[in-house]
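A.B. asks: So here's final-v1.pdb, just PDB, C-alpha atoms:
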```pdb
ATOM      1  CA  MET A  13      36.033 -39.448 -28.837
ATOM      2  CA  THR A  14      39.627 -39.972 -29.871
ATOM      3  CA  PHE A  15      41.254 -43.043 -28.352
ATOM      4  CA  ASN A  16      44.579 -44.379 -29.563
ATOM      5  CA  ILE A  17      47.605 -46.165 -28.166
ATOM      6  CA  LYS A  18      50.556 -45.879 -30.509
ATOM      7  CA  HIS A  19      51.978 -49.189 -31.699
ATOM      8  CA  ALA A  20      55.572 -49.498 -30.466
ATOM      9  CA  GLU A  21      58.155 -50.558 -33.037
ATOM     10  CA  SER A  22      59.905 -52.562 -30.336
ATOM     11  CA  LEU A  23      59.307 -53.377 -26.690
ATOM     12  CA  SER A  24      61.851 -54.130 -23.981
ATOM     13  CA  ARG A  25      62.065 -57.784 -22.985
ATOM     14  CA  GLY A  26      63.542 -56.705 -19.645
ATOM     15  CA  GLU A  27      60.597 -54.414 -18.883
ATOM     16  CA  LEU A  28      58.218 -57.155 -20.017
ATOM     17  CA  LEU A  29      59.678 -59.623 -17.513
ATOM     18  CA  LEU A  30      59.909 -56.987 -14.781
ATOM     19  CA  ARG A  31      56.219 -56.026 -15.279
ATOM     20  CA  THR A  32      55.175 -59.672 -15.333
ATOM     21  CA  ILE A  33      57.101 -60.734 -12.231
ATOM     22  CA  PHE A  34      57.092 -57.585 -10.082
ATOM     23  CA  GLY A  35      54.460 -55.396 -11.751
ATOM     24  CA  VAL A  36      51.955 -56.082  -9.006
ATOM     25  CA  ILE A  37      54.356 -54.601  -6.447
ATOM     26  CA  TYR A  38      55.731 -51.569  -8.237
ATOM     27  CA  ILE A  39      52.932 -50.648 -10.691
ATOM     28  CA  TYR A  40      49.538 -52.073  -9.793
ATOM     29  CA  LEU A  41      49.617 -51.710  -5.989
ATOM     30  CA  PRO A  42      50.629 -48.021  -5.854
ATOM     31  CA  HIS A  43      48.472 -47.010  -8.819
ATOM     32  CA  GLY A  44      45.587 -49.218  -7.692
ATOM     33  CA  PHE A  45      45.684 -47.834  -4.149
ATOM     34  CA  LEU A  46      45.511 -44.242  -5.369
ATOM     35  CA  LEU A  47      42.985 -45.038  -8.098
ATOM     36  CA  ILE A  48      40.589 -46.431  -5.473
ATOM     37  CA  PHE A  49      40.311 -42.993  -3.880
ATOM     38  CA  VAL A  50      40.438 -41.056  -7.143
ATOM     39  CA  SER A  51      37.732 -43.328  -8.603
ATOM     40  CA  LEU A  52      35.624 -42.975  -5.471
ATOM     41  CA  TRP A  53      35.754 -39.204  -5.862
ATOM     42  CA  GLY A  54      34.936 -39.670  -9.566
ATOM     43  CA  ALA A  55      31.847 -41.700  -8.584
ATOM     44  CA  ILE A  56      30.735 -38.948  -6.214
ATOM     45  CA  LEU A  57      31.216 -36.344  -8.948
ATOM     46  CA  GLY A  58      29.297 -38.585 -11.357
ATOM     47  CA  PHE A  59      26.381 -38.777  -8.927
ATOM     48  CA  ILE A  60      26.355 -35.001  -8.465
ATOM     49  CA  SER A  61      26.656 -34.554 -12.253
ATOM     50  CA  TRP A  62      23.571 -36.706 -12.810
ATOM     51  CA  TRP A  63      21.499 -34.268 -10.781
ATOM     52  CA  VAL A  64      23.094 -31.232 -12.417
ATOM     53  CA  ILE A  65      22.348 -32.648 -15.886
ATOM     54  CA  LEU A  66      18.774 -33.414 -14.834
ATOM     55  CA  PHE A  67      18.154 -29.792 -13.851
ATOM     56  CA  THR A  68      20.393 -27.883 -16.271
ATOM     57  CA  GLY A  69      21.020 -30.228 -19.216
ATOM     58  CA  ARG A  70      24.784 -29.676 -18.897
ATOM     59  CA  TYR A  71      27.621 -31.731 -17.432
ATOM     60  CA  PRO A  72      29.728 -29.506 -15.121
ATOM     61  CA  GLN A  73      32.889 -28.875 -17.140
ATOM     62  CA  SER A  74      35.352 -29.242 -14.253
ATOM     63  CA  PHE A  75      33.720 -32.563 -13.292
ATOM     64  CA  PHE A  76      33.895 -33.667 -16.934
ATOM     65  CA  GLU A  77      37.617 -32.847 -17.148
ATOM     66  CA  TYR A  78      38.223 -34.763 -13.923
ATOM     67  CA  GLN A  79      36.494 -37.845 -15.361
ATOM     68  CA  VAL A  80      38.518 -37.625 -18.590
ATOM     69  CA  GLY A  81      41.735 -37.331 -16.556
ATOM     70  CA  LEU A  82      40.727 -40.397 -14.549
ATOM     71  CA  LEU A  83      40.087 -42.268 -17.806
ATOM     72  CA  ARG A  84      43.549 -41.314 -19.096
ATOM     73  CA  TRP A  85      45.210 -42.473 -15.871
ATOM     74  CA  THR A  86      43.479 -45.868 -15.848
ATOM     75  CA  THR A  87      44.297 -46.327 -19.541
ATOM     76  CA  ARG A  88      47.993 -45.634 -18.891
ATOM     77  CA  VAL A  89      48.020 -48.419 -16.306
ATOM     78  CA  ARG A  90      45.978 -50.818 -18.470
ATOM     79  CA  ALA A  91      48.290 -50.227 -21.442
ATOM     80  CA  ARG A  92      51.225 -51.467 -19.344
ATOM     81  CA  GLN A  93      49.189 -54.356 -17.968
ATOM     82  CA  PHE A  94      48.498 -55.550 -21.521
ATOM     83  CA  ASN A  95      52.110 -54.898 -22.640
ATOM     84  CA  LEU A  96      51.066 -52.327 -25.266
ATOM     85  CA  THR A  97      53.788 -49.860 -24.328
ATOM     86  CA  ASP A  98      56.890 -49.611 -22.180
ATOM     87  CA  GLY A  99      57.767 -47.161 -19.442
ATOM     88  CA  TYR A 100      56.319 -46.463 -16.050
ATOM     89  CA  PRO A 101      52.789 -44.974 -16.104
ATOM     90  CA  ALA A 102      52.633 -41.445 -14.741
ATOM     91  CA  PHE A 103      50.612 -40.753 -11.621
ATOM     92  CA  GLY A 104      47.872 -38.151 -11.633
ATOM     93  CA  ILE A 105      44.864 -36.960 -13.524
ATOM     94  CA  GLY A 106      46.721 -34.194 -15.331
ATOM     95  CA  SER A 107      49.653 -36.345 -16.461
ATOM     96  CA  LYS A 108      50.334 -37.088 -20.122
ATOM     97  CA  ASP A 109      51.700 -40.078 -21.991
ATOM     98  CA  GLU A 110      53.231 -39.687 -25.455
ATOM     99  CA  ALA A 111      52.048 -43.140 -26.547
ATOM    100  CA  ILE A 112      48.417 -42.664 -25.469
ATOM    101  CA  THR A 113      45.909 -40.205 -26.919
ATOM    102  CA  ILE A 114      42.480 -39.867 -25.330
ATOM    103  CA  ASP A 115      40.297 -36.868 -26.068
ATOM    104  CA  VAL A 116      36.624 -36.653 -25.223
ATOM    105  CA  GLU A 117      34.686 -33.699 -26.603
ATOM    106  CA  TYR A 118      32.847 -31.738 -23.941
ATOM    107  CA  PRO A 119      29.120 -31.812 -24.780
ATOM    108  CA  ALA A 120      27.434 -28.404 -24.998
ATOM    109  CA  SER A 121      24.230 -29.991 -23.727
ATOM    110  CA  LEU A 122      22.917 -33.417 -22.787
ATOM    111  CA  SER A 123      19.443 -34.862 -23.149
ATOM    112  CA  ARG A 124      17.498 -35.112 -19.898
ATOM    113  CA  GLY A 125      15.304 -37.790 -21.469
ATOM    114  CA  LEU A 126      18.320 -39.954 -22.331
ATOM    115  CA  LEU A 127      19.667 -39.330 -18.836
ATOM    116  CA  LEU A 128      16.520 -40.829 -17.326
ATOM    117  CA  LEU A 129      16.400 -43.609 -19.930
ATOM    118  CA  ARG A 130      19.986 -44.620 -19.089
ATOM    119  CA  ALA A 131      19.275 -44.466 -15.361
ATOM    120  CA  PHE A 132      16.287 -46.804 -15.546
ATOM    121  CA  PHE A 133      16.888 -48.927 -18.641
ATOM    122  CA  GLY A 134      20.603 -48.550 -19.467
ATOM    123  CA  TRP A 135      21.266 -52.032 -18.142
ATOM    124  CA  LEU A 136      18.753 -53.375 -20.640
ATOM    125  CA  TYR A 137      19.589 -51.617 -23.888
ATOM    126  CA  VAL A 138      23.300 -50.978 -23.289
ATOM    127  CA  GLY A 139      24.535 -53.201 -20.486
ATOM    128  CA  ILE A 140      23.202 -56.506 -21.745
ATOM    129  CA  PRO A 141      24.059 -56.329 -25.475
ATOM    130  CA  HIS A 142      27.411 -54.565 -25.081
ATOM    131  CA  GLY A 143      28.272 -56.520 -21.937
ATOM    132  CA  PHE A 144      27.601 -59.810 -23.737
ATOM    133  CA  CYS A 145      29.852 -58.858 -26.657
ATOM    134  CA  LEU A 146      32.557 -57.301 -24.474
ATOM    135  CA  PHE A 147      32.670 -60.387 -22.250
ATOM    136  CA  PHE A 148      33.797 -62.569 -25.159
ATOM    137  CA  ILE A 149      36.052 -59.869 -26.587
ATOM    138  CA  ALA A 150      37.670 -59.485 -23.149
ATOM    139  CA  MET A 151      38.417 -63.215 -23.050
ATOM    140  CA  ALA A 152      39.935 -62.963 -26.528
ATOM    141  CA  ALA A 153      41.938 -59.866 -25.448
ATOM    142  CA  PHE A 154      43.382 -61.762 -22.477
ATOM    143  CA  LEU A 155      44.282 -64.657 -24.767
ATOM    144  CA  ALA A 156      45.853 -62.199 -27.231
ATOM    145  CA  ASN A 157      47.773 -60.645 -24.336
ATOM    146  CA  PHE A 158      49.095 -64.080 -23.342
ATOM    147  CA  ILE A 159      50.187 -64.831 -26.906
ATOM    148  CA  GLY A 160      51.607 -61.320 -27.244
ATOM    149  CA  PHE A 161      53.724 -61.843 -24.114
ATOM    150  CA  TRP A 162      55.520 -64.788 -25.709
ATOM    151  CA  VAL A 163      55.901 -63.036 -29.056
ATOM    152  CA  ILE A 164      57.451 -59.981 -27.346
ATOM    153  CA  LEU A 165      59.708 -62.222 -25.265
ATOM    154  CA  PHE A 166      61.126 -63.938 -28.348
ATOM    155  CA  THR A 167      61.001 -61.157 -30.958
ATOM    156  CA  GLY A 168      60.918 -57.905 -28.981
ATOM    157  CA  LYS A 169      57.829 -56.768 -30.918
ATOM    158  CA  LEU A 170      54.089 -56.992 -30.373
ATOM    159  CA  PRO A 171      52.316 -57.938 -33.620
ATOM    160  CA  GLU A 172      50.263 -55.018 -34.903
ATOM    161  CA  GLY A 173      47.145 -57.187 -35.194
ATOM    162  CA  ILE A 174      47.234 -58.101 -31.494
ATOM    163  CA  HIS A 175      47.937 -54.477 -30.587
ATOM    164  CA  ASN A 176      45.023 -53.186 -32.667
ATOM    165  CA  PHE A 177      42.652 -55.821 -31.290
ATOM    166  CA  VAL A 178      43.435 -55.007 -27.642
ATOM    167  CA  VAL A 179      43.279 -51.249 -28.298
ATOM    168  CA  GLY A 180      39.946 -51.801 -30.068
ATOM    169  CA  PHE A 181      38.652 -53.640 -26.999
ATOM    170  CA  PHE A 182      39.729 -50.718 -24.782
ATOM    171  CA  ARG A 183      38.145 -48.241 -27.221
ATOM    172  CA  TRP A 184      34.818 -50.091 -27.303
ATOM    173  CA  SER A 185      34.613 -50.472 -23.521
ATOM    174  CA  THR A 186      35.530 -46.805 -23.091
ATOM    175  CA  ARG A 187      32.707 -45.685 -25.413
ATOM    176  CA  VAL A 188      30.222 -47.776 -23.404
ATOM    177  CA  ASN A 189      31.585 -46.327 -20.169
ATOM    178  CA  LEU A 190      31.270 -42.749 -21.467
ATOM    179  CA  TYR A 191      27.682 -43.351 -22.530
ATOM    180  CA  LEU A 192      26.616 -45.008 -19.278
ATOM    181  CA  THR A 193      28.285 -42.311 -17.166
ATOM    182  CA  ASN A 194      26.338 -39.589 -19.004
ATOM    183  CA  MET A 195      29.383 -38.004 -20.637
ATOM    184  CA  THR A 196      27.887 -38.359 -24.124
ATOM    185  CA  ASP A 197      24.478 -38.924 -25.681
ATOM    186  CA  THR A 198      25.912 -40.856 -28.633
ATOM    187  CA  TYR A 199      24.998 -44.543 -28.388
ATOM    188  CA  PRO A 200      28.226 -46.617 -28.531
ATOM    189  CA  PRO A 201      28.641 -48.593 -31.755
ATOM    190  CA  PHE A 202      29.383 -52.321 -31.698
ATOM    191  CA  SER A 203      32.850 -51.841 -33.118
ATOM    192  CA  LEU A 204      36.534 -52.106 -32.267
ATOM    193  CA  ASP A 205      37.246 -49.036 -34.466
TER     194      ASP A 205
END
```
Take the structure in the file and give it back as structure tokens.
C.D. replies:
Amino acid sequence: MTFNIKHAESLSRGELLLRTIFGVIYIYLPHGFLLIFVSLWGAILGFISWWVILFTGRYPQSFFEYQVGLLRWTTRVRARQFNLTDGYPAFGIGSKDEAITIDVEYPASLSRGLLLLRAFFGWLYVGIPHGFCLFFIAMAAFLANFIGFWVILFTGKLPEGIHNFVVGFFRWSTRVNLYLTNMTDTYPPFSLD
């Protein structure tokens, strides 16, 4: 998986304030409303994919591309929510963003044994250890976002360390999500890299 959000040399203070004050109205409500239905369809496709993988050992490629497009869309919105980049996030699964790179390699085959293991015990060997770590990292990411807001407001720049930490949090949680949704058989490492 390739996951990167380019560090911006400078960020707009005006956009920062606009996102903070009115972002719920003009970004998160319209995107969130549409993402509810798009995510619901993604969940249905994920359920169907589970059965297809169980019988064929392959993730249907069109379903896989849909899920990757959904991941890109949610990341575009989250990147604005955490003030990692400026601009309005594009709507749609097929849309692109110059600042955000997400590529997930389509697996030629997937293990049926791991599929069943994840279904019955994924909560135990993935959910609990990664969830525990990601809980504390998420709290730190929200704190970093709060600090980053004030730094951007006064300097017009997000420190690269804060940027890399928040992107690392997104990267880690994305790897866990890909594993638990049967899009890869590679166990997610405990790493921000």
A.B. asks: Go through the shown structure with the PyMOL selection byres ((chain A and resi 67) around 12) and write out the matching residues as number ranges by chain.
C.D. replies: A: 60-66, 68-72, 121-125, 127-128
A.B. asks: Apply the PyMOL selection byres ((chain A and resi 91-105) around 8) to the displayed file and report the matching residues as a PyMOL selection string.
C.D. replies: chain A and resi 17+19-20+23-24+27-28+31+39+43+78+81-82+84-85+87-90+106-109+111+157+160-161+170+175+178
A.B. asks: Work out how far atom CA of A:Ala150 is from atom CA of A:Leu192, in Å to one decimal.
C.D. replies: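 These atoms are spaced 18.6 Å apart.
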A.B. asks: Using Å and a single decimal, report how far atom CA of A:Gln73 sits from atom CA of A:Tyr118.
C.D. replies: 7.4 Å
A.B. asks: Looking at A:Thr86, A:Asn176, A:Asn189, A:Asn194, which one is nearest to A:Ala131, with distances taken over only C-alpha atoms?
C.D. replies: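 Looking only at the distances to A:Ala131, the closest residue turns out to be A:Asn194.
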A.B. asks: Could you state the separation of atom CA of A:Gly180 and atom CA of A:Phe15 in Å, given to one decimal place?
C.D. replies: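 Result for atom CA of A:Gly180 versus atom CA of A:Phe15: 9.0 Å, one decimal.
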A.B. asks: How big is the axis-aligned box around the listed atoms of stretch 74-90 of chain A once 5 Å is added on each side, and where is its centre? Give both in Å to one decimal, as AutoDock Vina command-line options.
C.D. replies:
```
--center_x 40.9 --center_y -40.0 --center_z -16.4 --size_x 24.3 --size_y 31.6 --size_z 16.2
```
A.B. asks: For each of A:Trp162, A:Tyr137, A:Phe76, A:Phe147, take the minimum atom-to-atom distance to A:Trp184, counting all atoms listed in the file, then give the residue where this is smallest.
C.D. replies: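 Looking at the shortest contact to A:Trp184, the residue is A:Phe147.
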A.B. asks: Pick out the closest residue to A:Leu52 from this set: A:Leu129, A:Gly134, A:Gln79, A:Leu30. Count all atoms listed in the file.
C.D. replies: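 Ranking A:Leu129, A:Gly134, A:Gln79, A:Leu30 by distance to A:Leu52, first place goes to A:Gln79.
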A.B. asks: Which residue out of A:Val80, A:Leu204, A:Leu47, A:Val188 has the minimum interatomic distance to A:Val116 when all atoms listed in the file are used?
C.D. replies: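 Residue with the minimum atom-to-atom distance to A:Val116: A:Val80.
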A.B. asks: Of the candidates A:Phe202, A:Thr193, A:Glu117, A:Gly54, which shows the shortest atom-to-atom distance to A:Pro141, using only C-alpha atoms?
C.D. replies: A:Phe202
A.B. asks: Pick the closest to A:Leu29 from A:Met195, A:Ile164, A:Ala156, A:Leu190: which is it, counting all atoms listed in the file?
C.D. replies: A:Ile164
